[in-house]
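Enquirer: coords.cif (mmCIF, C-alpha atoms) pasted underneath:
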```cif
data_protein
#
loop_
_atom_site.label_atom_id
_atom_site.label_comp_id
_atom_site.auth_asym_id
_atom_site.auth_seq_id
_atom_site.Cartn_x
_atom_site.Cartn_y
_atom_site.Cartn_z
CA MET Y 703 -15.30 -37.42 -0.86
CA LYS Y 704 -18.42 -38.57 0.91
CA GLU Y 705 -16.52 -38.74 4.20
CA GLN Y 706 -15.16 -35.21 3.76
CA ILE Y 707 -18.64 -33.89 2.99
CA GLU Y 708 -20.04 -35.63 6.07
CA ASP Y 709 -17.30 -34.07 8.22
CA THR Y 710 -17.66 -30.56 6.75
CA TYR Y 711 -21.21 -29.64 5.72
CA ARG Y 712 -22.36 -28.52 9.20
CA SER Y 713 -19.40 -26.17 9.64
CA ASP Y 714 -20.59 -24.34 6.49
CA ASN Y 715 -24.01 -23.80 8.12
CA CYS Y 716 -25.68 -26.24 5.74
CA ARG Y 717 -28.66 -28.21 7.02
CA THR Y 718 -28.05 -31.15 4.67
CA GLN Y 719 -25.23 -32.66 2.68
CA SER Y 720 -27.24 -31.95 -0.48
CA GLU Y 721 -27.27 -28.23 0.36
CA PHE Y 722 -23.51 -28.34 0.86
CA ILE Y 723 -22.98 -30.07 -2.50
CA GLU Y 724 -25.30 -27.58 -4.22
CA LYS Y 725 -23.29 -24.66 -2.81
CA ALA Y 726 -20.04 -26.30 -3.93
CA VAL Y 727 -21.36 -26.80 -7.47
CA GLU Y 728 -22.63 -23.19 -7.61
CA PHE Y 729 -19.23 -21.97 -6.48
CA TYR Y 730 -17.42 -24.03 -9.10
CA LEU Y 731 -19.80 -23.00 -11.89
CA GLY Y 732 -19.35 -19.35 -10.92
CA TYR Y 733 -15.61 -19.80 -11.00
CA LEU Y 734 -15.75 -21.40 -14.45
CA HIS Y 735 -17.96 -18.62 -15.80
CA THR Y 736 -15.82 -15.76 -14.53
CA LYS Y 737 -12.35 -17.31 -14.60
CA ASN Y 738 -11.73 -15.02 -11.66
CA ALA Y 739 -10.90 -16.84 -8.45
CA GLY Y 740 -10.76 -13.46 -6.67
CA ALA Y 741 -14.52 -13.17 -6.91
CA PHE Y 742 -14.80 -16.35 -4.85
CA LEU Y 743 -12.24 -15.77 -2.12
CA PRO Y 744 -13.58 -16.71 1.27
CA GLU Y 745 -14.93 -13.76 3.25
CA ALA Y 746 -12.48 -14.44 6.08
CA LEU Y 747 -9.51 -14.07 3.75
CA SER Y 748 -10.94 -10.91 2.28
CA ALA Y 749 -11.57 -9.43 5.75
CA MET Y 750 -8.06 -10.37 6.89
CA MET Y 751 -6.48 -8.75 3.84
CA THR Y 752 -8.58 -5.60 4.30
CA GLY Y 753 -7.58 -5.39 7.98
CA THR Y 754 -3.91 -5.83 7.12
CA LEU Y 755 -4.05 -3.15 4.42
CA ASP Y 756 -5.90 -0.78 6.75
CA TYR Y 757 -3.21 -1.29 9.40
CA TYR Y 758 -0.37 -0.54 6.98
CA THR Y 759 -2.23 2.42 5.50
CA GLY Y 760 -2.56 3.92 8.99
CA ARG Y 761 1.06 3.15 9.78
CA MET Y 762 2.29 4.79 6.56
CA GLY Y 763 0.12 7.83 7.24
CA SER Y 764 1.62 8.19 10.73
CA LEU Y 765 5.16 7.85 9.43
CA LEU Y 766 4.56 10.38 6.64
CA PHE Y 767 3.07 12.84 9.13
CA LYS Y 768 6.09 12.44 11.44
CA GLN Y 769 8.46 12.90 8.50
CA GLY Y 770 6.53 16.00 7.40
CA VAL Y 771 6.82 17.52 10.88
CA ASP Y 772 10.56 16.81 11.00
CA LEU Y 773 11.07 18.32 7.54
CA HIS Y 774 9.11 21.41 8.55
CA VAL Y 775 11.26 21.88 11.66
CA LEU Y 776 14.41 21.41 9.57
CA GLY Y 777 13.14 23.94 7.03
CA GLN Y 778 12.43 26.46 9.78
CA ILE Y 779 15.93 26.04 11.25
CA ILE Y 780 17.59 26.43 7.86
CA ALA Y 781 15.41 29.44 6.93
CA TYR Y 782 16.30 31.11 10.24
CA ASP Y 783 20.01 31.05 9.38
CA THR Y 784 19.95 31.43 5.57
CA ASP Y 785 20.24 34.53 3.45
CA ILE Y 786 18.64 33.54 0.13
CA ASP Y 787 16.50 35.64 -2.22
CA GLU Y 788 13.21 34.59 -3.84
CA GLY Y 789 14.80 33.95 -7.26
CA GLU Y 790 17.44 31.61 -5.84
CA TYR Y 791 14.80 29.79 -3.83
CA GLN Y 792 12.63 29.26 -6.92
CA ARG Y 793 15.65 28.00 -8.91
CA LEU Y 794 16.57 25.48 -6.19
CA ARG Y 795 12.94 24.37 -5.85
CA GLY Y 796 12.70 23.81 -9.60
CA LYS Y 797 15.91 21.79 -9.56
CA ALA Y 798 14.62 19.72 -6.64
CA ILE Y 799 11.41 18.91 -8.52
CA ARG Y 800 13.32 17.92 -11.67
CA ASP Y 801 15.75 15.77 -9.64
CA MET Y 802 12.91 14.00 -7.81
CA LYS Y 803 11.17 13.19 -11.10
CA ARG Y 804 14.40 12.12 -12.80
CA THR Y 805 15.56 9.82 -9.99
CA ASN Y 806 12.13 8.61 -8.83
CA GLY Y 807 12.79 10.14 -5.41
CA ARG Y 808 16.22 8.61 -4.92
CA ILE Y 809 18.14 11.69 -3.89
CA SER Y 810 21.22 11.54 -1.74
CA PHE Y 811 22.73 14.22 0.45
CA LYS Y 812 26.03 13.68 -1.39
CA ASP Y 813 24.37 14.67 -4.69
CA ALA Y 814 23.08 17.90 -3.12
CA LEU Y 815 26.48 18.60 -1.54
CA ASP Y 816 28.30 18.03 -4.84
CA PHE Y 817 25.86 20.35 -6.63
CA GLN Y 818 26.26 23.13 -4.04
CA LYS Y 819 30.06 22.89 -4.17
CA SER Y 820 29.96 23.19 -7.97
CA VAL Y 821 27.87 26.40 -7.88
#
```
Would you mind giving the structure from this file in structure tokens?
Expert:
Amino acid sequence: MKEQIEDTYRSDNCRTQSEFIEKAVEFYLGYLHTKNAGAFLPEALSAMMTGTLDYYTGRMGSLLFKQGVDLHVLGQIIAYDTDIDEGEYQRLRGKAIRDMKRTNGRISFKDALDFQKSV
């Protein structure tokens, strides 16, 4: 242990080995008192996780925006060539909402096709 402390205390910006040991004991006591290792994660790990989550949040936002644009274009194309009244639209929208809730968003084109052929 003494050898490891001698090799490490300067890299933790400690002036003395005693300071390093004091910080280690404080860390361990804090861990024992909270029983929450997450409160004591190194800052580098926390920063890395935050950066990774920020990246994926941005990526998901971009993909959802692209998907929204594509769906809007598709809706415009279908609306251009569809003769449907307001009542029928509201009925289909209500069914779509119920189906999304019931299946947790797992809707297939085949399900929609089968429904339309049965109407």
Enquirer: Scan for residues within 12 Å of the point (18.2, 21.7, -8.5) in the coordinates of the file, using only C-alpha atoms, and reply as a ChimeraX atom specification.
Expert: /Y:790-804,809,813-818,820-821
Enquirer: To box region 767-776 of chain Y, take all atoms listed in the file, fit an axis-aligned box, add 8 Å on each side, and give centre and edge lengths in Å to one decimal, as lines of an AutoDock Vina configuration file.
Expert:
```
center_x = 8.7
center_y = 17.2
center_z = 9.5
size_x = 27.3
size_y = 25.4
size_z = 20.3
```
Enquirer: Go ahead and compute the interatomic distance for CA of Lys812 (chain Y) and CA of Ile786 (chain Y), in Å to one decimal.
Expert: 21.2 Å
Enquirer: What does the structure give for the distance between CA of Gln769 (chain Y) and CA of Glu788 (chain Y), in Å to one decimal?
Expert: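 Rounded to one decimal, the two atoms are 25.4 Å apart.
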Enquirer: Using the chain letters and numbers from this file, what does the PyMOL selection byres ((chain Y and resi 723) around 12) select? Give the answer as a list in words.
Expert: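 This file gives the following for the PyMOL selection byres ((chain Y and resi 723) around 12): Met703, Lys704, Gln706, Ile707, Glu708, Thr710, Tyr711, Arg712, Asp714, Cys716, Arg717, Thr718, Gln719, Ser720, Glu721, Phe722, Glu724, Lys725, Ala726, Val727, Glu728, Phe729 and Tyr730 of chain Y.
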Enquirer: Is there a way to complete region 712-723 of chain Y with N, CA and C atoms and then write that out as an mmCIF file, keeping the file's coordinate frame?
Expert:
```
data_model
loop_
_atom_site.group_PDB
_atom_site.id
_atom_site.type_symbol
_atom_site.label_atom_id
_atom_site.label_comp_id
_atom_site.auth_asym_id
_atom_site.auth_seq_id
_atom_site.Cartn_x
_atom_site.Cartn_y
_atom_site.Cartn_z
ATOM 1 N N ARG Y 712 -21.778 -29.292 8.085
ATOM 2 C CA ARG Y 712 -22.360 -28.520 9.200
ATOM 3 C C ARG Y 712 -21.544 -27.262 9.511
ATOM 4 N N SER Y 713 -20.229 -27.347 9.338
ATOM 5 C CA SER Y 713 -19.400 -26.170 9.640
ATOM 6 C C SER Y 713 -19.617 -25.049 8.629
ATOM 7 N N ASP Y 714 -20.259 -25.355 7.491
ATOM 8 C CA ASP Y 714 -20.590 -24.340 6.490
ATOM 9 C C ASP Y 714 -22.035 -23.865 6.650
ATOM 10 N N ASN Y 715 -22.625 -24.184 7.813
ATOM 11 C CA ASN Y 715 -24.010 -23.800 8.120
ATOM 12 C C ASN Y 715 -25.019 -24.374 7.136
ATOM 13 N N CYS Y 716 -24.743 -25.551 6.613
ATOM 14 C CA CYS Y 716 -25.680 -26.240 5.740
ATOM 15 C C CYS Y 716 -26.504 -27.215 6.577
ATOM 16 N N ARG Y 717 -27.808 -27.283 6.274
ATOM 17 C CA ARG Y 717 -28.660 -28.210 7.020
ATOM 18 C C ARG Y 717 -28.504 -29.643 6.523
ATOM 19 N N THR Y 718 -28.188 -29.794 5.226
ATOM 20 C CA THR Y 718 -28.050 -31.150 4.670
ATOM 21 C C THR Y 718 -26.794 -31.220 3.824
ATOM 22 N N GLN Y 719 -26.383 -32.448 3.561
ATOM 23 C CA GLN Y 719 -25.230 -32.660 2.680
ATOM 24 C C GLN Y 719 -25.572 -32.214 1.261
ATOM 25 N N SER Y 720 -26.815 -32.378 0.866
ATOM 26 C CA SER Y 720 -27.240 -31.950 -0.480
ATOM 27 C C SER Y 720 -27.086 -30.440 -0.636
ATOM 28 N N GLU Y 721 -27.432 -29.686 0.402
ATOM 29 C CA GLU Y 721 -27.270 -28.230 0.360
ATOM 30 C C GLU Y 721 -25.798 -27.860 0.209
ATOM 31 N N PHE Y 722 -24.943 -28.573 0.945
ATOM 32 C CA PHE Y 722 -23.510 -28.340 0.860
ATOM 33 C C PHE Y 722 -22.995 -28.604 -0.555
ATOM 34 N N ILE Y 723 -23.415 -29.715 -1.140
ATOM 35 C CA ILE Y 723 -22.980 -30.070 -2.500
ATOM 36 C C ILE Y 723 -23.498 -29.050 -3.505
#
```
